[in-house]
>>> print(open('coords-v9.csv').read())   # CSV, C-alpha atoms
chain,number,residue,atom,x,y,z
A,1,MET,CA,-6.3,239.2,41.1
A,2,ILE,CA,-3.8,241.5,42.8
A,3,ARG,CA,-6.6,243.8,44.0
A,4,LEU,CA,-8.4,240.8,45.5
A,5,LEU,CA,-5.3,239.6,47.2
A,6,THR,CA,-4.6,243.1,48.5
A,7,THR,CA,-8.2,243.4,49.9
A,8,ILE,CA,-7.8,240.0,51.6
A,9,LEU,CA,-4.5,241.0,53.1
A,10,LEU,CA,-5.8,244.3,54.4
A,11,ALA,CA,-8.9,242.6,55.9
A,12,PHE,CA,-6.7,239.9,57.4
A,13,SER,CA,-4.3,242.5,58.9
A,14,THR,CA,-7.1,244.6,60.2
A,15,GLN,CA,-8.9,241.7,61.7
A,16,LEU,CA,-5.7,240.6,63.4
A,17,ALA,CA,-4.6,243.9,64.9
A,18,ALA,CA,-6.4,243.1,68.2
A,19,ALA,CA,-4.3,243.3,71.4
A,20,ALA,CA,-2.3,240.2,72.2
A,21,GLU,CA,-3.7,238.0,74.9
A,22,PRO,CA,-2.1,234.9,76.6
A,23,SER,CA,-2.9,231.7,74.9
A,24,PRO,CA,-4.7,229.0,76.8
A,25,ASP,CA,-2.4,226.1,77.7
A,26,PHE,CA,-3.3,222.5,76.7
A,27,THR,CA,-1.8,219.1,76.2
A,28,LEU,CA,-3.0,216.7,73.4
A,29,ALA,CA,-1.9,213.4,72.0
A,30,SER,CA,-0.2,213.7,68.6
A,31,ASN,CA,0.1,211.4,65.6
A,32,LYS,CA,3.9,211.3,66.4
A,33,GLY,CA,3.1,209.1,69.4
A,34,ASP,CA,3.6,211.6,72.2
A,35,ASN,CA,1.7,214.3,74.0
A,36,LEU,CA,2.5,217.9,73.2
A,37,ARG,CA,1.9,220.8,75.6
A,38,LEU,CA,1.7,224.3,74.2
A,39,ALA,CA,3.2,226.0,77.2
A,40,GLU,CA,6.5,224.0,76.6
A,41,GLN,CA,6.8,225.8,73.2
A,42,ARG,CA,7.8,229.2,74.6
A,43,GLY,CA,10.4,230.8,72.3
A,44,LYS,CA,8.8,229.4,69.2
A,45,VAL,CA,6.1,230.8,66.9
A,46,ILE,CA,3.3,228.4,66.7
A,47,MET,CA,0.5,228.2,64.1
A,48,LEU,CA,-2.4,226.1,65.5
A,49,ASN,CA,-4.5,225.0,62.6
A,50,PHE,CA,-7.9,223.5,63.5
A,51,TRP,CA,-9.2,221.2,60.9
A,52,ALA,CA,-11.6,218.3,60.2
A,53,SER,CA,-11.5,215.5,57.7
A,54,TRP,CA,-14.9,216.4,56.2
A,55,CYS,CA,-13.7,220.0,55.4
A,56,GLY,CA,-12.8,220.6,51.8
A,57,PRO,CA,-10.8,223.8,52.4
A,58,CYS,CA,-8.9,222.0,55.1
A,59,ARG,CA,-7.7,219.3,52.6
A,60,GLN,CA,-6.7,222.0,50.2
A,61,GLU,CA,-4.8,223.9,52.9
A,62,MET,CA,-2.8,221.0,54.4
A,63,PRO,CA,0.0,220.7,51.8
A,64,LEU,CA,0.5,224.5,52.0
A,65,LEU,CA,0.8,224.3,55.7
A,66,ASP,CA,3.3,221.5,55.4
A,67,GLU,CA,5.4,223.7,53.0
A,68,LEU,CA,5.2,226.7,55.5
A,69,ASN,CA,6.3,224.4,58.3
A,70,ALA,CA,9.3,223.1,56.3
A,71,ARG,CA,10.3,226.6,55.1
A,72,TYR,CA,10.2,228.4,58.4
A,73,GLU,CA,11.0,225.6,61.0
A,74,ALA,CA,14.7,226.5,61.2
A,75,ALA,CA,13.7,230.1,62.2
A,76,GLY,CA,11.7,228.8,65.2
A,77,PHE,CA,8.2,228.3,63.6
A,78,GLN,CA,6.0,225.3,63.8
A,79,VAL,CA,2.6,224.3,62.5
A,80,TRP,CA,0.5,222.2,64.8
A,81,GLY,CA,-2.6,220.7,63.2
A,82,VAL,CA,-5.4,220.2,65.6
A,83,ASN,CA,-8.0,217.8,64.3
A,84,VAL,CA,-11.5,218.1,65.7
A,85,ASP,CA,-13.1,214.9,64.3
A,86,SER,CA,-14.9,212.8,67.0
A,87,LYS,CA,-13.2,209.7,65.6
A,88,ARG,CA,-9.4,209.7,65.3
A,89,ALA,CA,-9.6,207.1,62.6
A,90,ASP,CA,-11.3,209.7,60.3
A,91,ALA,CA,-8.3,212.0,60.7
A,92,GLU,CA,-5.8,209.3,60.2
A,93,GLN,CA,-7.5,208.1,57.0
A,94,MET,CA,-7.2,211.7,55.6
A,95,LEU,CA,-3.6,211.9,56.7
A,96,GLY,CA,-3.0,208.7,54.8
A,97,LYS,CA,-4.1,210.5,51.6
A,98,ILE,CA,-2.6,213.9,52.4
A,99,PRO,CA,0.5,213.2,54.6
A,100,VAL,CA,2.1,216.1,56.5
A,101,ASP,CA,5.4,216.3,58.5
A,102,PHE,CA,4.1,218.7,61.1
A,103,PRO,CA,2.5,217.2,64.3
A,104,VAL,CA,-1.2,216.6,64.2
A,105,LEU,CA,-3.0,216.7,67.6
A,106,PHE,CA,-6.3,215.0,68.3
A,107,ASP,CA,-9.1,217.1,70.0
A,108,SER,CA,-11.9,214.6,69.6
A,109,LYS,CA,-13.9,216.0,72.5
A,110,GLY,CA,-13.6,219.6,71.1
A,111,GLU,CA,-12.2,221.0,74.4
A,112,VAL,CA,-9.2,222.8,72.9
A,113,SER,CA,-11.4,224.1,70.1
A,114,LYS,CA,-13.7,225.7,72.7
A,115,LEU,CA,-10.7,227.2,74.5
A,116,PHE,CA,-9.8,229.1,71.3
A,117,GLY,CA,-13.3,229.9,70.3
A,118,VAL,CA,-13.1,228.0,67.0
A,119,ASP,CA,-16.3,228.5,65.0
A,120,ALA,CA,-15.1,227.9,61.4
A,121,MET,CA,-13.1,225.2,59.6
A,122,PRO,CA,-10.3,225.6,59.1
A,123,SER,CA,-9.2,228.2,61.7
A,124,SER,CA,-5.6,229.2,62.4
A,125,VAL,CA,-4.3,230.8,65.5
A,126,PHE,CA,-0.8,232.4,65.5
A,127,ILE,CA,1.0,232.4,68.8
A,128,ASP,CA,4.1,234.5,69.4
A,129,ARG,CA,7.3,233.4,71.2
A,130,ASP,CA,5.9,234.7,74.5
A,131,GLY,CA,2.8,232.5,74.3
A,132,LYS,CA,0.4,235.3,73.3
A,133,ILE,CA,-2.3,235.0,70.6
A,134,ARG,CA,-1.4,237.5,68.0
A,135,HIS,CA,-3.5,236.6,64.9
A,136,VAL,CA,-6.6,234.5,64.1
A,137,HIS,CA,-7.7,233.5,60.7
A,138,ARG,CA,-11.0,231.8,59.9
A,139,GLY,CA,-11.6,229.8,56.8
A,140,PHE,CA,-9.3,229.3,53.8
A,141,ARG,CA,-9.2,230.5,50.2
A,142,ASP,CA,-6.6,230.5,47.5
A,143,GLY,CA,-4.2,233.3,48.3
A,144,ASP,CA,-4.5,233.1,52.1
A,145,GLU,CA,-1.0,231.5,52.2
A,146,ALA,CA,0.5,235.0,51.3
A,147,ALA,CA,-1.2,236.4,54.3
A,148,TYR,CA,0.1,233.5,56.4
A,149,LYS,CA,3.7,234.2,55.2
A,150,LYS,CA,3.4,237.8,56.2
A,151,VAL,CA,2.3,237.0,59.7
A,152,ILE,CA,4.9,234.3,60.1
A,153,LYS,CA,7.7,236.5,59.0
A,154,GLU,CA,6.5,239.3,61.3
A,155,LEU,CA,6.3,237.1,64.3
A,156,ILE,CA,9.7,235.4,63.6
A,157,ARG,CA,11.4,238.8,63.4
A,158,GLU,CA,10.3,239.9,66.8
>>> encode(input="coords-v9.csv", output="structure tokens")
Amino acid sequence: MIRLLTTILLAFSTQLAAAAEPSPDFTLASNKGDNLRLAEQRGKVIMLNFWASWCGPCRQEMPLLDELNARYEAAGFQVWGVNVDSKRADAEQMLGKIPVDFPVLFDSKGEVSKLFGVDAMPSSVFIDRDGKIRHVHRGFRDGDEAAYKKVIKELIRE
């Protein structure tokens, strides 16, 4: 198990070592009742998590993301869930069963997903305090949360 986790972490780190590039800006409606704009979050570390209600790994990952958000929020970290369902009601139904405290944004037309080149569910994009994309992680398996913590801690310390 430790060997598998180490392999996953190494693959994750290697995949994510690409040069930082500026994150595209966007504004989306949130489940909190307001619109959120990414460019207004400079100074915070943001994890954009793209998910869909039909995605089993997404449902499995949501409580873990909620824990990460709660644990690191005081240090300047936030999770933003970006739902890609074409019907907002599908996302809201899932959130009724698996509630989270972090904001969930609705990308029903898939425009933001395209900006970030999302091609797998779930996909997570880590953005540093300067608004640069630093890490991208596609999919979710048990144990990925350890890799997430490593990236979050690294970006918070900068």
>>> closest_residue(input="coords-v9.csv", among="A:Arg134, A:Lys97, A:Arg88, A:Arg42", to="A:Ile152", atoms="all atoms listed in the file")
A:Arg134
>>> closest_atom_pairs(input="coords-v9.csv", of="stretch 44-101 of chain A", to="stretch 114-132 of chain A", cutoff="8 Å", atoms="all atoms listed in the file", output="Markdown table")
| residue | atom | partner | partner_atom | distance |
| --- | --- | --- | --- | --- |
| A:Lys44 | CA | A:Arg129 | CA | 4.7 |
| A:Val45 | CA | A:Asp128 | CA | 4.9 |
| A:Ile46 | CA | A:Ile127 | CA | 5.1 |
| A:Met47 | CA | A:Phe126 | CA | 4.6 |
| A:Leu48 | CA | A:Val125 | CA | 5.1 |
| A:Asn49 | CA | A:Ser124 | CA | 4.3 |
| A:Phe50 | CA | A:Ser123 | CA | 5.2 |
| A:Trp51 | CA | A:Pro122 | CA | 4.9 |
| A:Ala52 | CA | A:Met121 | CA | 7.1 |
| A:Cys55 | CA | A:Met121 | CA | 6.7 |
| A:Pro57 | CA | A:Pro122 | CA | 7.0 |
| A:Cys58 | CA | A:Pro122 | CA | 5.6 |
>>> atom_distance(input="coords-v9.csv", atom1="atom CA of A:Ser30", atom2="atom CA of A:Pro103")
6.2 Å
>>> atom_distance(input="coords-v9.csv", atom1="atom CA of A:Trp80", atom2="atom CA of A:Glu158")
20.3 Å
>>> closest_residue(input="coords-v9.csv", among="A:Leu68, A:Val100, A:Leu28, A:Met94", to="A:Val151", atoms="all atoms listed in the file")
A:Leu68
>>> atom_distance(input="coords-v9.csv", atom1="atom CA of A:Asp101", atom2="atom CA of A:Leu155")
21.6 Å
>>> closest_residue(input="coords-v9.csv", among="A:Asp107, A:Glu67, A:Asp34, A:Asp25", to="A:Gly81", atoms="only C-alpha atoms")
A:Asp107
>>> residues_around(input="coords-v9.csv", residues="A:Glu145", least_positions_apart="2", cutoff="12 Å", atoms="all atoms listed in the file", output="number ranges by chain")
A: 5, 8-9, 12, 60-69, 124, 137, 139-143, 147-152
>>> closest_residue(input="coords-v9.csv", among="A:Ser53, A:Gln41, A:Ser23, A:Asn31", to="A:Ile98", atoms="only C-alpha atoms")
A:Ser53
>>> closest_residue(input="coords-v9.csv", among="A:Gly43, A:Ala29, A:Asp144, A:Pro22", to="A:Ser108", atoms="all atoms listed in the file")
A:Ala29
>>> closest_residue(input="coords-v9.csv", among="A:Val82, A:Ala89, A:Trp54, A:Phe106", to="A:Gly33", atoms="all atoms listed in the file")
A:Phe106
